[in-house]
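Dumped upload_29.pdb below, it's PDB, C-alpha atoms, pLDDT in the B column:
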```
ATOM      1  CA  MET B   1       4.895  40.190  57.099  1.00 48.00           C
ATOM      2  CA  PHE B   2       1.896  40.710  54.820  1.00 42.00           C
ATOM      3  CA  LYS B   3       2.785  37.537  52.868  1.00 44.00           C
ATOM      4  CA  LYS B   4       2.892  35.532  56.110  1.00 48.00           C
ATOM      5  CA  ILE B   5      -0.542  36.817  57.130  1.00 40.00           C
ATOM      6  CA  ILE B   6      -1.959  35.860  53.728  1.00 45.00           C
ATOM      7  CA  ALA B   7      -0.340  32.400  53.887  1.00 41.00           C
ATOM      8  CA  VAL B   8      -1.669  31.721  57.398  1.00 40.00           C
ATOM      9  CA  SER B   9      -5.129  32.970  56.412  1.00 40.00           C
ATOM     10  CA  LEU B  10      -5.230  30.635  53.412  1.00 40.00           C
ATOM     11  CA  LEU B  11      -4.156  27.684  55.557  1.00 42.00           C
ATOM     12  CA  LEU B  12      -6.857  28.464  58.102  1.00 38.00           C
ATOM     13  CA  LEU B  13      -9.498  28.699  55.375  1.00 39.00           C
ATOM     14  CA  ALA B  14      -8.428  25.348  53.923  1.00 44.00           C
ATOM     15  CA  ALA B  15      -8.481  23.735  57.365  1.00 44.00           C
ATOM     16  CA  ALA B  16     -11.895  25.213  58.109  1.00 39.00           C
ATOM     17  CA  ALA B  17     -13.263  23.724  54.895  1.00 45.00           C
ATOM     18  CA  VAL B  18     -12.144  20.220  55.918  1.00 47.00           C
ATOM     19  CA  PHE B  19     -13.011  20.517  59.610  1.00 47.00           C
ATOM     20  CA  GLY B  20     -16.389  22.034  58.754  1.00 60.00           C
ATOM     21  CA  GLN B  21     -17.256  19.038  56.618  1.00 92.00           C
ATOM     22  CA  THR B  22     -19.795  16.605  58.009  1.00 98.00           C
ATOM     23  CA  PRO B  23     -20.865  13.180  56.735  1.00 99.00           C
ATOM     24  CA  GLU B  24     -24.192  14.708  55.685  1.00 98.00           C
ATOM     25  CA  LYS B  25     -22.405  17.406  53.688  1.00 98.00           C
ATOM     26  CA  THR B  26     -20.398  14.784  51.816  1.00 98.00           C
ATOM     27  CA  VAL B  27     -23.612  12.978  50.859  1.00 98.00           C
ATOM     28  CA  ARG B  28     -25.393  16.231  49.962  1.00 98.00           C
ATOM     29  CA  ASP B  29     -22.441  17.247  47.788  1.00 98.00           C
ATOM     30  CA  VAL B  30     -22.518  13.888  45.953  1.00 98.00           C
ATOM     31  CA  TYR B  31     -26.187  14.368  45.185  1.00 97.00           C
ATOM     32  CA  ALA B  32     -25.680  18.002  44.160  1.00 96.00           C
ATOM     33  CA  VAL B  33     -23.267  16.869  41.444  1.00 96.00           C
ATOM     34  CA  HIS B  34     -25.298  13.817  40.428  1.00 95.00           C
ATOM     35  CA  LEU B  35     -28.655  15.610  40.305  1.00 94.00           C
ATOM     36  CA  ALA B  36     -27.139  18.448  38.271  1.00 94.00           C
ATOM     37  CA  ASP B  37     -25.900  15.844  35.773  1.00 93.00           C
ATOM     38  CA  LEU B  38     -29.336  14.196  35.617  1.00 91.00           C
ATOM     39  CA  LYS B  39     -31.034  17.551  35.152  1.00 89.00           C
ATOM     40  CA  LYS B  40     -28.761  18.428  32.239  1.00 88.00           C
ATOM     41  CA  GLU B  41     -29.126  14.895  30.887  1.00 81.00           C
ATOM     42  CA  GLY B  42     -25.356  14.957  30.665  1.00 74.00           C
ATOM     43  CA  GLU B  43     -22.825  12.311  31.458  1.00 82.00           C
ATOM     44  CA  ASP B  44     -22.399  11.352  35.079  1.00 89.00           C
ATOM     45  CA  ARG B  45     -19.304  13.208  36.301  1.00 93.00           C
ATOM     46  CA  ILE B  46     -18.846  10.886  39.278  1.00 95.00           C
ATOM     47  CA  VAL B  47     -19.132   7.366  37.841  1.00 92.00           C
ATOM     48  CA  ASN B  48     -17.963   7.615  34.239  1.00 89.00           C
ATOM     49  CA  GLY B  49     -14.607   5.893  33.714  1.00 88.00           C
ATOM     50  CA  GLN B  50     -13.095   9.057  32.229  1.00 91.00           C
ATOM     51  CA  SER B  51     -11.987  10.996  35.302  1.00 93.00           C
ATOM     52  CA  ARG B  52     -11.328  10.094  38.927  1.00 95.00           C
ATOM     53  CA  GLN B  53     -11.807  13.674  40.128  1.00 96.00           C
ATOM     54  CA  TYR B  54     -15.164  13.159  41.820  1.00 97.00           C
ATOM     55  CA  LEU B  55     -14.551   9.517  42.768  1.00 97.00           C
ATOM     56  CA  ASP B  56     -11.502  10.522  44.781  1.00 97.00           C
ATOM     57  CA  ARG B  57     -13.322  13.509  46.262  1.00 97.00           C
ATOM     58  CA  PHE B  58     -16.324  11.565  47.570  1.00 98.00           C
ATOM     59  CA  PHE B  59     -15.250   7.916  48.002  1.00 98.00           C
ATOM     60  CA  ASP B  60     -12.550   6.327  50.127  1.00 98.00           C
ATOM     61  CA  LYS B  61      -9.619   4.835  48.233  1.00 97.00           C
ATOM     62  CA  THR B  62     -10.872   1.242  48.358  1.00 97.00           C
ATOM     63  CA  LEU B  63     -14.316   1.972  46.927  1.00 97.00           C
ATOM     64  CA  ALA B  64     -13.032   4.594  44.468  1.00 97.00           C
ATOM     65  CA  ASP B  65     -10.516   2.066  43.122  1.00 96.00           C
ATOM     66  CA  LEU B  66     -13.206  -0.616  42.720  1.00 95.00           C
ATOM     67  CA  ILE B  67     -15.574   1.747  40.908  1.00 95.00           C
ATOM     68  CA  TRP B  68     -12.768   3.024  38.675  1.00 95.00           C
ATOM     69  CA  LYS B  69     -11.669  -0.527  37.794  1.00 93.00           C
ATOM     70  CA  ASP B  70     -15.269  -1.500  37.021  1.00 92.00           C
ATOM     71  CA  MET B  71     -15.713   1.515  34.754  1.00 91.00           C
ATOM     72  CA  THR B  72     -12.416   1.117  32.889  1.00 91.00           C
ATOM     73  CA  THR B  73     -12.036  -2.664  32.500  1.00 88.00           C
ATOM     74  CA  VAL B  74     -12.983  -4.056  29.112  1.00 70.00           C
ATOM     75  CA  ARG B  75     -14.963  -7.285  29.418  1.00 73.00           C
ATOM     76  CA  GLU B  76     -17.812  -9.204  27.872  1.00 74.00           C
ATOM     77  CA  GLY B  77     -21.172  -8.082  29.193  1.00 71.00           C
ATOM     78  CA  VAL B  78     -21.678  -5.408  31.817  1.00 78.00           C
ATOM     79  CA  GLY B  79     -19.640  -4.674  34.891  1.00 83.00           C
ATOM     80  CA  VAL B  80     -20.737  -4.676  38.495  1.00 87.00           C
ATOM     81  CA  ILE B  81     -22.233  -1.215  38.142  1.00 90.00           C
ATOM     82  CA  ASP B  82     -25.066  -1.492  35.657  1.00 90.00           C
ATOM     83  CA  PHE B  83     -27.368   0.856  37.555  1.00 92.00           C
ATOM     84  CA  ASP B  84     -27.470   4.337  39.050  1.00 94.00           C
ATOM     85  CA  ILE B  85     -25.658   3.743  42.343  1.00 96.00           C
ATOM     86  CA  PHE B  86     -27.149   6.878  43.917  1.00 97.00           C
ATOM     87  CA  PHE B  87     -30.781   5.873  43.314  1.00 96.00           C
ATOM     88  CA  ALA B  88     -30.481   2.072  42.956  1.00 92.00           C
ATOM     89  CA  THR B  89     -32.253   2.030  39.617  1.00 91.00           C
ATOM     90  CA  GLN B  90     -31.646   1.312  35.956  1.00 88.00           C
ATOM     91  CA  ASP B  91     -34.578   3.464  34.956  1.00 86.00           C
ATOM     92  CA  GLU B  92     -35.082   7.184  34.582  1.00 88.00           C
ATOM     93  CA  VAL B  93     -35.207   9.002  37.917  1.00 91.00           C
ATOM     94  CA  ARG B  94     -38.450  10.834  38.800  1.00 91.00           C
ATOM     95  CA  LEU B  95     -37.552  12.200  42.211  1.00 93.00           C
ATOM     96  CA  THR B  96     -39.764  13.649  44.955  1.00 95.00           C
ATOM     97  CA  ASN B  97     -39.480  13.959  48.739  1.00 97.00           C
ATOM     98  CA  PHE B  98     -35.683  13.739  48.687  1.00 97.00           C
ATOM     99  CA  ARG B  99     -34.096  13.999  52.142  1.00 98.00           C
ATOM    100  CA  VAL B 100     -30.635  13.527  53.626  1.00 98.00           C
ATOM    101  CA  TRP B 101     -30.998  12.635  57.310  1.00 98.00           C
ATOM    102  CA  PRO B 102     -28.606  13.581  60.137  1.00 98.00           C
ATOM    103  CA  ALA B 103     -25.623  11.266  60.463  1.00 98.00           C
ATOM    104  CA  LYS B 104     -25.218   8.648  63.151  1.00 98.00           C
ATOM    105  CA  ILE B 105     -21.549   9.002  64.045  1.00 98.00           C
ATOM    106  CA  THR B 106     -19.568   6.430  66.017  1.00 98.00           C
ATOM    107  CA  GLY B 107     -15.914   7.402  66.290  1.00 97.00           C
ATOM    108  CA  ASP B 108     -14.476   7.620  62.773  1.00 98.00           C
ATOM    109  CA  ARG B 109     -17.484   5.919  61.151  1.00 98.00           C
ATOM    110  CA  ALA B 110     -20.825   7.385  60.166  1.00 99.00           C
ATOM    111  CA  GLU B 111     -24.109   6.342  58.586  1.00 99.00           C
ATOM    112  CA  VAL B 112     -26.208   8.775  56.590  1.00 99.00           C
ATOM    113  CA  ARG B 113     -29.695   7.738  55.514  1.00 98.00           C
ATOM    114  CA  VAL B 114     -31.194   9.138  52.321  1.00 98.00           C
ATOM    115  CA  THR B 115     -34.900   8.759  51.596  1.00 98.00           C
ATOM    116  CA  TYR B 116     -36.826   9.699  48.478  1.00 97.00           C
ATOM    117  CA  ASN B 117     -39.665   8.689  46.217  1.00 95.00           C
ATOM    118  CA  ASN B 118     -38.764   7.578  42.715  1.00 93.00           C
ATOM    119  CA  TRP B 119     -41.798   7.222  40.473  1.00 92.00           C
ATOM    120  CA  LYS B 120     -43.868   7.481  43.692  1.00 91.00           C
ATOM    121  CA  ILE B 121     -42.107   4.452  45.196  1.00 92.00           C
ATOM    122  CA  LYS B 122     -40.567   5.098  48.614  1.00 96.00           C
ATOM    123  CA  SER B 123     -36.886   4.256  48.723  1.00 96.00           C
ATOM    124  CA  LYS B 124     -34.015   4.367  51.186  1.00 97.00           C
ATOM    125  CA  ILE B 125     -30.250   4.198  50.778  1.00 98.00           C
ATOM    126  CA  VAL B 126     -27.744   4.233  53.637  1.00 99.00           C
ATOM    127  CA  TYR B 127     -24.279   5.660  53.094  1.00 99.00           C
ATOM    128  CA  LEU B 128     -21.429   4.368  55.237  1.00 99.00           C
ATOM    129  CA  LEU B 129     -18.652   6.916  55.614  1.00 99.00           C
ATOM    130  CA  ALA B 130     -15.201   6.838  57.153  1.00 98.00           C
ATOM    131  CA  ARG B 131     -13.269   9.795  58.494  1.00 98.00           C
ATOM    132  CA  GLN B 132      -9.978  10.129  56.629  1.00 98.00           C
ATOM    133  CA  THR B 133      -6.594  11.122  58.025  1.00 96.00           C
ATOM    134  CA  ASP B 134      -7.205  14.682  56.780  1.00 96.00           C
ATOM    135  CA  ARG B 135     -10.451  14.638  58.882  1.00 96.00           C
ATOM    136  CA  SER B 136     -12.687  14.660  55.790  1.00 97.00           C
ATOM    137  CA  TRP B 137     -15.533  12.154  55.442  1.00 99.00           C
ATOM    138  CA  LYS B 138     -15.619   9.793  52.452  1.00 98.00           C
ATOM    139  CA  ILE B 139     -18.093   7.137  51.380  1.00 99.00           C
ATOM    140  CA  SER B 140     -16.866   3.607  52.128  1.00 98.00           C
ATOM    141  CA  ASP B 141     -20.030   1.730  51.095  1.00 98.00           C
ATOM    142  CA  ILE B 142     -23.608   2.263  49.950  1.00 98.00           C
ATOM    143  CA  LYS B 143     -26.301  -0.004  51.405  1.00 98.00           C
ATOM    144  CA  TYR B 144     -29.402  -0.781  49.383  1.00 96.00           C
ATOM    145  CA  ASP B 145     -32.411  -2.847  50.480  1.00 91.00           C
ATOM    146  CA  GLU B 146     -30.788  -6.257  50.157  1.00 87.00           C
ATOM    147  CA  TYR B 147     -27.184  -5.616  49.138  1.00 92.00           C
ATOM    148  CA  SER B 148     -24.417  -3.102  49.434  1.00 96.00           C
ATOM    149  CA  LEU B 149     -22.149  -1.799  46.707  1.00 96.00           C
ATOM    150  CA  MET B 150     -19.151  -3.494  48.350  1.00 96.00           C
ATOM    151  CA  LYS B 151     -21.073  -6.797  48.440  1.00 94.00           C
ATOM    152  CA  TYR B 152     -21.757  -6.483  44.700  1.00 91.00           C
ATOM    153  CA  PHE B 153     -18.006  -6.127  44.164  1.00 91.00           C
ATOM    154  CA  ARG B 154     -17.159  -9.042  46.503  1.00 91.00           C
ATOM    155  CA  ASP B 155     -19.714 -11.307  44.803  1.00 88.00           C
ATOM    156  CA  ASP B 156     -18.328 -10.348  41.392  1.00 80.00           C
ATOM    157  CA  GLU B 157     -14.800 -11.312  42.508  1.00 76.00           C
ATOM    158  CA  MET B 158     -16.051 -14.686  43.788  1.00 69.00           C
ATOM    159  CA  GLN B 159     -17.583 -15.467  40.374  1.00 68.00           C
ATOM    160  CA  LYS B 160     -14.257 -15.042  38.566  1.00 60.00           C
TER     161      LYS B 160
END
```
How does this structure look as structure tokens?
Amino acid sequence: MFKKIIAVSLLLLAAAAVFGQTPEKTVRDVYAVHLADLKKEGEDRIVNGQSRQYLDRFFDKTLADLIWKDMTTVREGVGVIDFDIFFATQDEVRLTNFRVWPAKITGDRAEVRVTYNNWKIKSKIVYLLARQTDRSWKISDIKYDEYSLMKYFRDDEMQK
């Protein structure tokens, strides 16, 4: 009986972790990992071409697969991702006034706006998220001022 109680308790805790997740939490968690990497001046644990652990945790399968392919394909020149996808820059990040805004949720889709100043320049990125079959939220695209990450990948495919 005790083993059954423990098993049910663990299942409930796991379910609560997924059901308690919000689109904003997914985005905050991405930045928690990325900012910790920047602070340590270490390698990016999310977009690195060495492990899919964080890609699969934060991104939907389509976008995770595209990022992984871009990071692991040998080619002349640079790939699609030649910039920090979380701050839309190739330069060092000098961050102030960072804010993750409440999500706008429509059914199984959500938008989360992130604003910040980088080198005193105001910036905005919009994350598009999709609710997965396990009820978690994962990033399906990142919108910058004039492009989105998915558009960069589509344009790259058209040039081949």
Each segment 111-130 of chain B residue no farther than 8 Å from segment 87-102 of chain B, nearest pair in Å, only C-alpha atoms, as JSON lines:
```
{"residue": "B:Val112", "atom": "CA", "partner": "B:Trp101", "partner_atom": "CA", "distance": 6.2}
{"residue": "B:Arg113", "atom": "CA", "partner": "B:Trp101", "partner_atom": "CA", "distance": 5.4}
{"residue": "B:Val114", "atom": "CA", "partner": "B:Val100", "partner_atom": "CA", "distance": 4.6}
{"residue": "B:Thr115", "atom": "CA", "partner": "B:Arg99", "partner_atom": "CA", "distance": 5.3}
{"residue": "B:Tyr116", "atom": "CA", "partner": "B:Phe98", "partner_atom": "CA", "distance": 4.2}
{"residue": "B:Asn117", "atom": "CA", "partner": "B:Thr96", "partner_atom": "CA", "distance": 5.1}
{"residue": "B:Asn118", "atom": "CA", "partner": "B:Leu95", "partner_atom": "CA", "distance": 4.8}
{"residue": "B:Trp119", "atom": "CA", "partner": "B:Arg94", "partner_atom": "CA", "distance": 5.2}
{"residue": "B:Lys120", "atom": "CA", "partner": "B:Thr96", "partner_atom": "CA", "distance": 7.5}
{"residue": "B:Ile125", "atom": "CA", "partner": "B:Phe87", "partner_atom": "CA", "distance": 7.7}
```
Query raised in the report: Which residues come within 10 Å of Trp137 of chain B, counting all atoms listed in the file, excluding same-chain residues fewer than 2 positions away, as JSON, numbers by chain?
Result: {"B": [18, 19, 21, 22, 23, 24, 25, 26, 27, 57, 58, 59, 60, 108, 109, 110, 128, 129, 130, 131, 132, 133, 134, 135, 139, 140]}
Requested in this report: Have a look at B:Leu55, B:Ala32, B:Leu63, B:Val80 and name the one nearest to Tyr152 of chain B; count only C-alpha atoms.
Outcome: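 Residue with the minimum atom-to-atom distance to Tyr152 of chain B: B:Val80.
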Six-sided padding of 8 Å per side, axis-aligned box over segment 74-93 of chain B, centre and edges in Å, one decimal, as AutoDock Vina command-line options:
```
--center_x -24.1 --center_y -0.1 --center_z 35.9 --size_x 38.2 --size_y 34.2 --size_z 32.0
```
Query raised in the report: Which of these residues is nearest to Asn48 of chain B, using all atoms listed in the file: B:Asp155, B:Arg28, B:Ala36, B:Met71?
Result: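 Closest candidate: B:Met71.
Of the listed residues B:Leu149, B:Leu66, B:Ala103, B:Ile121, the one whose atoms come nearest to Phe86 of chain B is B:Leu149, with distances taken using all atoms listed in the file.
Distance-wise, atom CA of Lys143 of chain B and atom CA of Tyr127 of chain B end up 6.2 Å apart.
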Requested in this report: Would you mind telling me which residue in B:Leu38, B:Glu157, B:Asp141, B:Asp29 lies nearest to Asp70 of chain B when using only C-alpha atoms?
Outcome: B:Glu157
Requested in this report: Run the PyMOL selection byres ((chain B and resi 72) around 12) against the file shown and list the residues it catches, as a PyMOL selection string.
Outcome: chain B and resi 47-52+65-71+73-75+78-81
Could the residues in this selection be saved with C-alpha atoms as a PDB file, in the frame of the given file?
```
ATOM      1  CA  VAL B  47     -19.132   7.366  37.841  1.00 92.00           C
ATOM      2  CA  ASN B  48     -17.963   7.615  34.239  1.00 89.00           C
ATOM      3  CA  GLY B  49     -14.607   5.893  33.714  1.00 88.00           C
ATOM      4  CA  GLN B  50     -13.095   9.057  32.229  1.00 91.00           C
ATOM      5  CA  SER B  51     -11.987  10.996  35.302  1.00 93.00           C
ATOM      6  CA  ARG B  52     -11.328  10.094  38.927  1.00 95.00           C
ATOM      7  CA  ASP B  65     -10.516   2.066  43.122  1.00 96.00           C
ATOM      8  CA  LEU B  66     -13.206  -0.616  42.720  1.00 95.00           C
ATOM      9  CA  ILE B  67     -15.574   1.747  40.908  1.00 95.00           C
ATOM     10  CA  TRP B  68     -12.768   3.024  38.675  1.00 95.00           C
ATOM     11  CA  LYS B  69     -11.669  -0.527  37.794  1.00 93.00           C
ATOM     12  CA  ASP B  70     -15.269  -1.500  37.021  1.00 92.00           C
ATOM     13  CA  MET B  71     -15.713   1.515  34.754  1.00 91.00           C
ATOM     14  CA  THR B  73     -12.036  -2.664  32.500  1.00 88.00           C
ATOM     15  CA  VAL B  74     -12.983  -4.056  29.112  1.00 70.00           C
ATOM     16  CA  ARG B  75     -14.963  -7.285  29.418  1.00 73.00           C
ATOM     17  CA  VAL B  78     -21.678  -5.408  31.817  1.00 78.00           C
ATOM     18  CA  GLY B  79     -19.640  -4.674  34.891  1.00 83.00           C
ATOM     19  CA  VAL B  80     -20.737  -4.676  38.495  1.00 87.00           C
ATOM     20  CA  ILE B  81     -22.233  -1.215  38.142  1.00 90.00           C
TER      21      ILE B  81
END
```
